[in-house]
Amino acid sequence: MNGMIRWGVAMAAASGGVMALAQSADAVKSLAPVEVRESVVFPVHLPKRNVATGVEAANIDIPFSVSHVPLELVQAQAGRTLQDALRNVPGAQADSGFNGVHTQFFVLRGSIADSGTGSNRVLRDGVRMSNYPFVKAFVDSVDVLQGPGAALGLRSEPGGTVNLMSKQAEMANFGSVGVSAGGSGAMELSADINRVLSEEHELAARLVLTRSAASEWRHTPDKLDGVKLSVSQSEGNSYHLRLNAEATNQTYQPDYGIPALNGSPIDVPRDRQYGEPWDNSTTQNRIFDIHADVALSPDARLNMDWTHLEARSTSIKSGLTGNVKNASGDWGRFAAYEPGTDRLIDSVASTVESKHQWGGLQHTLMVGADYYRETLNQPSLTIPAANSPDINVFNPVFGLVKAPSTVLAAGATTRQNLESVALSVQDQVMLGEWTGVAGVRFVQQDFMYGTAGTKSVMETKWLPKVGVLRKLSSADSVYANAAMGMSPNQVSSSSNQSLPSRESRQLELGWKSLWNGGALASDVAVYQLDQSNMIADDQATASNFDFTVDGKARSRGLEASLTGDLTRRLQAKVAYAYTDARVSEHPVYKGKLTPNVAAHTLTLWGQYLWPVESDVQWLTGAGIYAQTKRYADRANTTELPGYVRLDITQTWRTRTGTGKSVEVQLAIRNVLDAYYYVSSHLHVARWITPAEGRNASLSVHYRF
């Protein structure tokens, strides 16, 4: 621990400009109490039941690293995707997946969200989802816990937890309609209408509709239609009841990007596509959930949640496979056809929260139990190799891929059955300027992933967490925490045995501050994250799909952020991270750096409200997003160069009546037309995702 402290202090000193925000302890203690003033766009406070502790609290009072990205910030930046939102989170970086632009992968603190080859993992209102699309129109905020140790009832992923907080019915009458259009067919239509149905019975309903199409600049369509209905009913603080129904239909084509040769991506037009699927892939999601909370006494509350997901998909994939065949650039191609995949998720959770005064201490005690089951049935059909002839990546000839005949040989069927029962207890103790959080989650999990005959693995885990925070003043706090996390490995061994879950352990030290009357918040944290049971290729077999859990990894880093109002007219978002993530134990890749993880990442975003004397507000925004170089593959053979991207936005906003306004935004992304690469697949360097060049969009929103 002392070594960790010394290393953290050295890193903090080396960060120069970031740590210039800090004050001496004596100066901090002499500060007068501050009055917290909320920023219009960048709230300093977190929502109720935050992802770290499940207790309502300001960020400065939470002994964990937490980032809150409200939808307003994503819209101000003209963001479209989950990766756009996560640019505001220090330590979050992009990973590549092949389920369309609406479903994106990511890396937190050097730990990939996908521990096998399967699906990204996010939470929707606290419930784990697999391959869940990011629908901006449905999202109220993106809340992120950096590192393990999520709140009770939440599966704690090894590198951190991303929780998509969805829009809920409120006791007010409001609404909005919006339209956005950009180059290469990019489009988004949305309508959001909230109405009070009965003030006497505190009954409200909210309907959200959306239709979106991603840019087809790489000739891969991705369209999504969605509807979300939320109904809420309350009786003061006695109880709250909330029902939601959500449906999305997505049609897309996977984008496998471009390959690398001789240690770098090949030099071809960035929109060149090598996959030729004969039809679109589709995914249909249907989600139903119920939340209820009841006051058992003035100091105790019972929370109950039920969520059910039904998903059906058809996947048609085509792309490069293997290694380049000759010096001229001939490459083999593959085709995969997975018709009628079914995924079911059922989650039930219950938590009792109570507040007590024991021994002169204020306790917030939480006790919870939850049940989670996810099943997957993914059949595949064998496509003859002759249907996908080789292609030359420098001089491609298209149109040679043949759609399969109606009679296909049956392939392997991949099945997953994950069933877990968990019990949790947590106590938050407050004594003067001290806050302590201690909790433990007991998990019993039965997990099977593989083809017919694969055996399941039964696991019993204790996942503790502890955090302590000291308020130096009303504007400053320091904290330390230790926590553990786990995530299923979606692979099996050569003997058809499902493998134990990936695990993580983390130590973290941090400093949180409020500035400018509480309208500006800063966070600085140093951490060490150790992962074990990471998948590794089984060296005893020749197959690329036989695995063990012989891998270990270690991430060390510094993360810093600044969020809020610099002045009453200038708002800012700064997120910086230094990440050193590397494999510490592995039969092949020991000592290698984690792919898609740059040592340095930086987001600088500012928006200025011009003092124009008119009925129209003029807001000018500018964002700089930068990364240093990183590797594209586990073997560290291919390097993706660093980049700097500049975005600008100009927004005009005017009131048209009481509670009504019109907002028009012109956005230009990648103004300098930087040529860079977003990410690569975590295993190989033949699937690298190029970034879109300079592009513009225009959006109009009417709020009433």
# chains A, B, ... in the order shown; residues from 1 in each chain; ligands from 1
>>> closest_atom_pairs(of="segment 271-368 of chain A", to="segment 240-257 of chain A", cutoff="9 Å", atoms="only C-alpha atoms", output="JSON lines")
{"residue": "A:Asp271", "atom": "CA", "partner": "A:Gly257", "partner_atom": "CA", "distance": 8.6}
{"residue": "A:Arg272", "atom": "CA", "partner": "A:Gly257", "partner_atom": "CA", "distance": 8.0}
{"residue": "A:Gln273", "atom": "CA", "partner": "A:Gly257", "partner_atom": "CA", "distance": 6.7}
{"residue": "A:Tyr274", "atom": "CA", "partner": "A:Gly257", "partner_atom": "CA", "distance": 7.6}
{"residue": "A:Gly275", "atom": "CA", "partner": "A:Tyr256", "partner_atom": "CA", "distance": 7.0}
{"residue": "A:Pro277", "atom": "CA", "partner": "A:Gln253", "partner_atom": "CA", "distance": 7.3}
{"residue": "A:Asp279", "atom": "CA", "partner": "A:Gln253", "partner_atom": "CA", "distance": 7.9}
{"residue": "A:Asn280", "atom": "CA", "partner": "A:Gln253", "partner_atom": "CA", "distance": 5.4}
{"residue": "A:Ser281", "atom": "CA", "partner": "A:Tyr252", "partner_atom": "CA", "distance": 5.3}
{"residue": "A:Thr282", "atom": "CA", "partner": "A:Thr251", "partner_atom": "CA", "distance": 4.5}
{"residue": "A:Thr283", "atom": "CA", "partner": "A:Gln250", "partner_atom": "CA", "distance": 5.1}
{"residue": "A:Gln284", "atom": "CA", "partner": "A:Asn249", "partner_atom": "CA", "distance": 4.6}
{"residue": "A:Asn285", "atom": "CA", "partner": "A:Thr248", "partner_atom": "CA", "distance": 5.3}
{"residue": "A:Arg286", "atom": "CA", "partner": "A:Ala247", "partner_atom": "CA", "distance": 4.6}
{"residue": "A:Ile287", "atom": "CA", "partner": "A:Glu246", "partner_atom": "CA", "distance": 5.0}
{"residue": "A:Phe288", "atom": "CA", "partner": "A:Ala245", "partner_atom": "CA", "distance": 4.6}
{"residue": "A:Asp289", "atom": "CA", "partner": "A:Asn244", "partner_atom": "CA", "distance": 5.3}
{"residue": "A:Ile290", "atom": "CA", "partner": "A:Leu243", "partner_atom": "CA", "distance": 4.6}
{"residue": "A:His291", "atom": "CA", "partner": "A:Arg242", "partner_atom": "CA", "distance": 5.0}
{"residue": "A:Ala292", "atom": "CA", "partner": "A:Leu241", "partner_atom": "CA", "distance": 4.5}
{"residue": "A:Asp293", "atom": "CA", "partner": "A:His240", "partner_atom": "CA", "distance": 5.4}
{"residue": "A:Val294", "atom": "CA", "partner": "A:His240", "partner_atom": "CA", "distance": 6.7}
{"residue": "A:Ser315", "atom": "CA", "partner": "A:Gln253", "partner_atom": "CA", "distance": 8.6}
{"residue": "A:Ile316", "atom": "CA", "partner": "A:Gln253", "partner_atom": "CA", "distance": 7.6}
{"residue": "A:Lys317", "atom": "CA", "partner": "A:Pro254", "partner_atom": "CA", "distance": 6.3}
{"residue": "A:Ser318", "atom": "CA", "partner": "A:Pro254", "partner_atom": "CA", "distance": 7.8}
{"residue": "A:Gly319", "atom": "CA", "partner": "A:Tyr256", "partner_atom": "CA", "distance": 6.0}
{"residue": "A:Leu320", "atom": "CA", "partner": "A:Tyr256", "partner_atom": "CA", "distance": 7.7}
>>> closest_residue(among="A:Glu188, A:Glu235, A:Asp225, A:Glu310", to="Thr341 of chain A", atoms="only C-alpha atoms")
A:Glu310
>>> residues_around(residues="Val74 of chain A", least_positions_apart="5", cutoff="12 Å", atoms="only C-alpha atoms", output="list in words")
Val41, Phe42, His68, Val69, Gly79, Arg80, Thr81, Leu82, Gln83, Asp84, Ala85, Leu86, Arg87, Asn88, Val89, Lys136, Ala137, Val139, Asp140, Ser141, Val142, Lys573, Trp605 and Gly623 of chain A
>>> closest_residue(among="A:Ala336, A:Ala482, A:Ala76, A:Ala438", to="Asp530 of chain A", atoms="only C-alpha atoms")
A:Ala482
>>> closest_atom_pairs(of="segment 159-193 of chain A", to="segment 203-218 of chain A", cutoff="7 Å", atoms="only C-alpha atoms", output="JSON lines")
{"residue": "A:Gln168", "atom": "CA", "partner": "A:Arg206", "partner_atom": "CA", "distance": 6.8}
{"residue": "A:Ala169", "atom": "CA", "partner": "A:Arg206", "partner_atom": "CA", "distance": 4.8}
{"residue": "A:Glu170", "atom": "CA", "partner": "A:Ala204", "partner_atom": "CA", "distance": 6.1}
{"residue": "A:Met171", "atom": "CA", "partner": "A:Ala204", "partner_atom": "CA", "distance": 5.9}
{"residue": "A:Gly183", "atom": "CA", "partner": "A:Ser215", "partner_atom": "CA", "distance": 6.7}
{"residue": "A:Ser184", "atom": "CA", "partner": "A:Ser215", "partner_atom": "CA", "distance": 5.1}
{"residue": "A:Gly185", "atom": "CA", "partner": "A:Ser215", "partner_atom": "CA", "distance": 5.4}
{"residue": "A:Ala186", "atom": "CA", "partner": "A:Ser215", "partner_atom": "CA", "distance": 4.2}
{"residue": "A:Met187", "atom": "CA", "partner": "A:Ala213", "partner_atom": "CA", "distance": 5.1}
{"residue": "A:Glu188", "atom": "CA", "partner": "A:Ser212", "partner_atom": "CA", "distance": 4.2}
{"residue": "A:Leu189", "atom": "CA", "partner": "A:Arg211", "partner_atom": "CA", "distance": 5.2}
{"residue": "A:Ser190", "atom": "CA", "partner": "A:Thr210", "partner_atom": "CA", "distance": 4.3}
{"residue": "A:Ala191", "atom": "CA", "partner": "A:Leu209", "partner_atom": "CA", "distance": 5.2}
{"residue": "A:Asp192", "atom": "CA", "partner": "A:Val208", "partner_atom": "CA", "distance": 4.5}
{"residue": "A:Ile193", "atom": "CA", "partner": "A:Leu207", "partner_atom": "CA", "distance": 5.4}
>>> write_last_selection(atoms="N, CA, C and O atoms", output="compact mmCIF listing (two decimals), in the first residue's frame")
# COMPACT_ATOMS: atom_id res chain seq x y z
N GLN A 168 -37.86 8.32 -17.43
CA GLN A 168 -39.02 7.83 -16.70
C GLN A 168 -40.11 8.89 -16.67
O GLN A 168 -39.86 10.08 -16.84
N ALA A 169 -41.35 8.44 -16.47
CA ALA A 169 -42.47 9.36 -16.36
C ALA A 169 -42.30 10.26 -15.14
O ALA A 169 -41.87 9.80 -14.07
N GLU A 170 -42.63 11.55 -15.28
CA GLU A 170 -42.49 12.53 -14.22
C GLU A 170 -43.81 13.26 -14.01
O GLU A 170 -44.67 13.31 -14.90
N MET A 171 -43.96 13.86 -12.84
CA MET A 171 -45.19 14.60 -12.52
C MET A 171 -45.09 16.03 -13.06
O MET A 171 -45.02 17.01 -12.33
N GLY A 183 -24.33 13.90 -43.11
CA GLY A 183 -23.89 13.32 -44.36
C GLY A 183 -24.02 11.81 -44.39
O GLY A 183 -24.16 11.15 -43.35
N SER A 184 -24.00 11.24 -45.58
CA SER A 184 -24.04 9.79 -45.82
C SER A 184 -25.25 9.13 -45.19
O SER A 184 -25.18 8.01 -44.67
N GLY A 185 -26.38 9.83 -45.19
CA GLY A 185 -27.63 9.24 -44.73
C GLY A 185 -27.86 9.25 -43.24
O GLY A 185 -28.84 8.66 -42.77
N ALA A 186 -27.01 9.91 -42.46
CA ALA A 186 -27.20 9.97 -41.01
C ALA A 186 -28.47 10.75 -40.70
O ALA A 186 -28.69 11.84 -41.24
N MET A 187 -29.30 10.21 -39.81
CA MET A 187 -30.57 10.85 -39.51
C MET A 187 -31.08 10.37 -38.16
O MET A 187 -30.85 9.23 -37.76
N GLU A 188 -31.77 11.27 -37.45
CA GLU A 188 -32.42 10.88 -36.21
C GLU A 188 -33.69 11.69 -36.03
O GLU A 188 -33.67 12.93 -36.12
N LEU A 189 -34.80 11.01 -35.79
CA LEU A 189 -36.07 11.62 -35.46
C LEU A 189 -36.48 11.15 -34.08
O LEU A 189 -36.31 9.98 -33.74
N SER A 190 -37.02 12.05 -33.26
CA SER A 190 -37.42 11.64 -31.92
C SER A 190 -38.59 12.49 -31.45
O SER A 190 -38.75 13.65 -31.85
N ALA A 191 -39.41 11.90 -30.61
CA ALA A 191 -40.50 12.60 -29.94
C ALA A 191 -40.58 12.10 -28.51
O ALA A 191 -40.49 10.88 -28.26
N ASP A 192 -40.71 13.00 -27.56
CA ASP A 192 -40.73 12.68 -26.14
C ASP A 192 -41.86 13.47 -25.50
O ASP A 192 -41.81 14.70 -25.43
N ILE A 193 -42.92 12.78 -25.06
CA ILE A 193 -44.11 13.46 -24.52
C ILE A 193 -44.40 12.90 -23.14
O ILE A 193 -44.57 11.68 -22.96
>>> closest_residue(among="A:Tyr625, A:Phe98, A:Trp618, A:Tyr675", to="Pro641 of chain A", atoms="only C-alpha atoms")
A:Tyr675
>>> residues_around(residues="segment 659-669 of chain A", least_positions_apart="3", cutoff="6 Å", atoms="only C-alpha atoms", output="number ranges by chain")
A: 647-656, 694-704
>>> write_last_selection(atoms="C-alpha atoms", output="JSON list (two decimals), in the first residue's frame")
[["chain", "number", "residue", "atom", "x", "y", "z"],
["A", 647, "ASP", "CA", -15.13, 19.35, -33.25],
["A", 648, "ILE", "CA", -17.09, 22.61, -33.26],
["A", 649, "THR", "CA", -20.75, 23.36, -32.70],
["A", 650, "GLN", "CA", -22.90, 26.45, -33.02],
["A", 651, "THR", "CA", -26.26, 26.46, -31.27],
["A", 652, "TRP", "CA", -29.07, 28.99, -31.47],
["A", 653, "ARG", "CA", -31.80, 28.83, -28.82],
["A", 654, "THR", "CA", -34.90, 31.00, -28.47],
["A", 655, "ARG", "CA", -38.01, 30.96, -26.32],
["A", 656, "THR", "CA", -41.33, 30.86, -28.15],
["A", 694, "ARG", "CA", -14.80, 15.77, -41.72],
["A", 695, "ASN", "CA", -18.59, 15.65, -41.49],
["A", 696, "ALA", "CA", -21.42, 17.98, -40.61],
["A", 697, "SER", "CA", -24.89, 17.65, -39.10],
["A", 698, "LEU", "CA", -27.82, 19.97, -38.50],
["A", 699, "SER", "CA", -30.38, 19.39, -35.75],
["A", 700, "VAL", "CA", -33.56, 21.14, -34.65],
["A", 701, "HIS", "CA", -35.36, 20.56, -31.35],
["A", 702, "TYR", "CA", -38.68, 22.03, -30.27],
["A", 703, "ARG", "CA", -39.47, 21.77, -26.55],
["A", 704, "PHE", "CA", -42.89, 22.45, -25.11]]
>>> closest_residue(among="A:Gly642, A:Pro389, A:Gly100, A:Gly236", to="Ala295 of chain A", atoms="only C-alpha atoms")
A:Gly236
>>> closest_residue(among="A:Val468, A:Leu507, A:Leu418, A:Ala635", to="Ala483 of chain A", atoms="only C-alpha atoms")
A:Leu507
>>> closest_residue(among="A:Ser487, A:Asn387, A:Ser494, A:Ser513", to="Ser532 of chain A", atoms="only C-alpha atoms")
A:Ser487
>>> residues_around(residues="Val644 of chain A", least_positions_apart="2", cutoff="9 Å", atoms="only C-alpha atoms", output="list of chain:residue names")
A:Ile624, A:Tyr625, A:Ala626, A:Gln627, A:Thr628, A:Gly642, A:Leu646, A:Asn670, A:Ala674, A:Tyr676
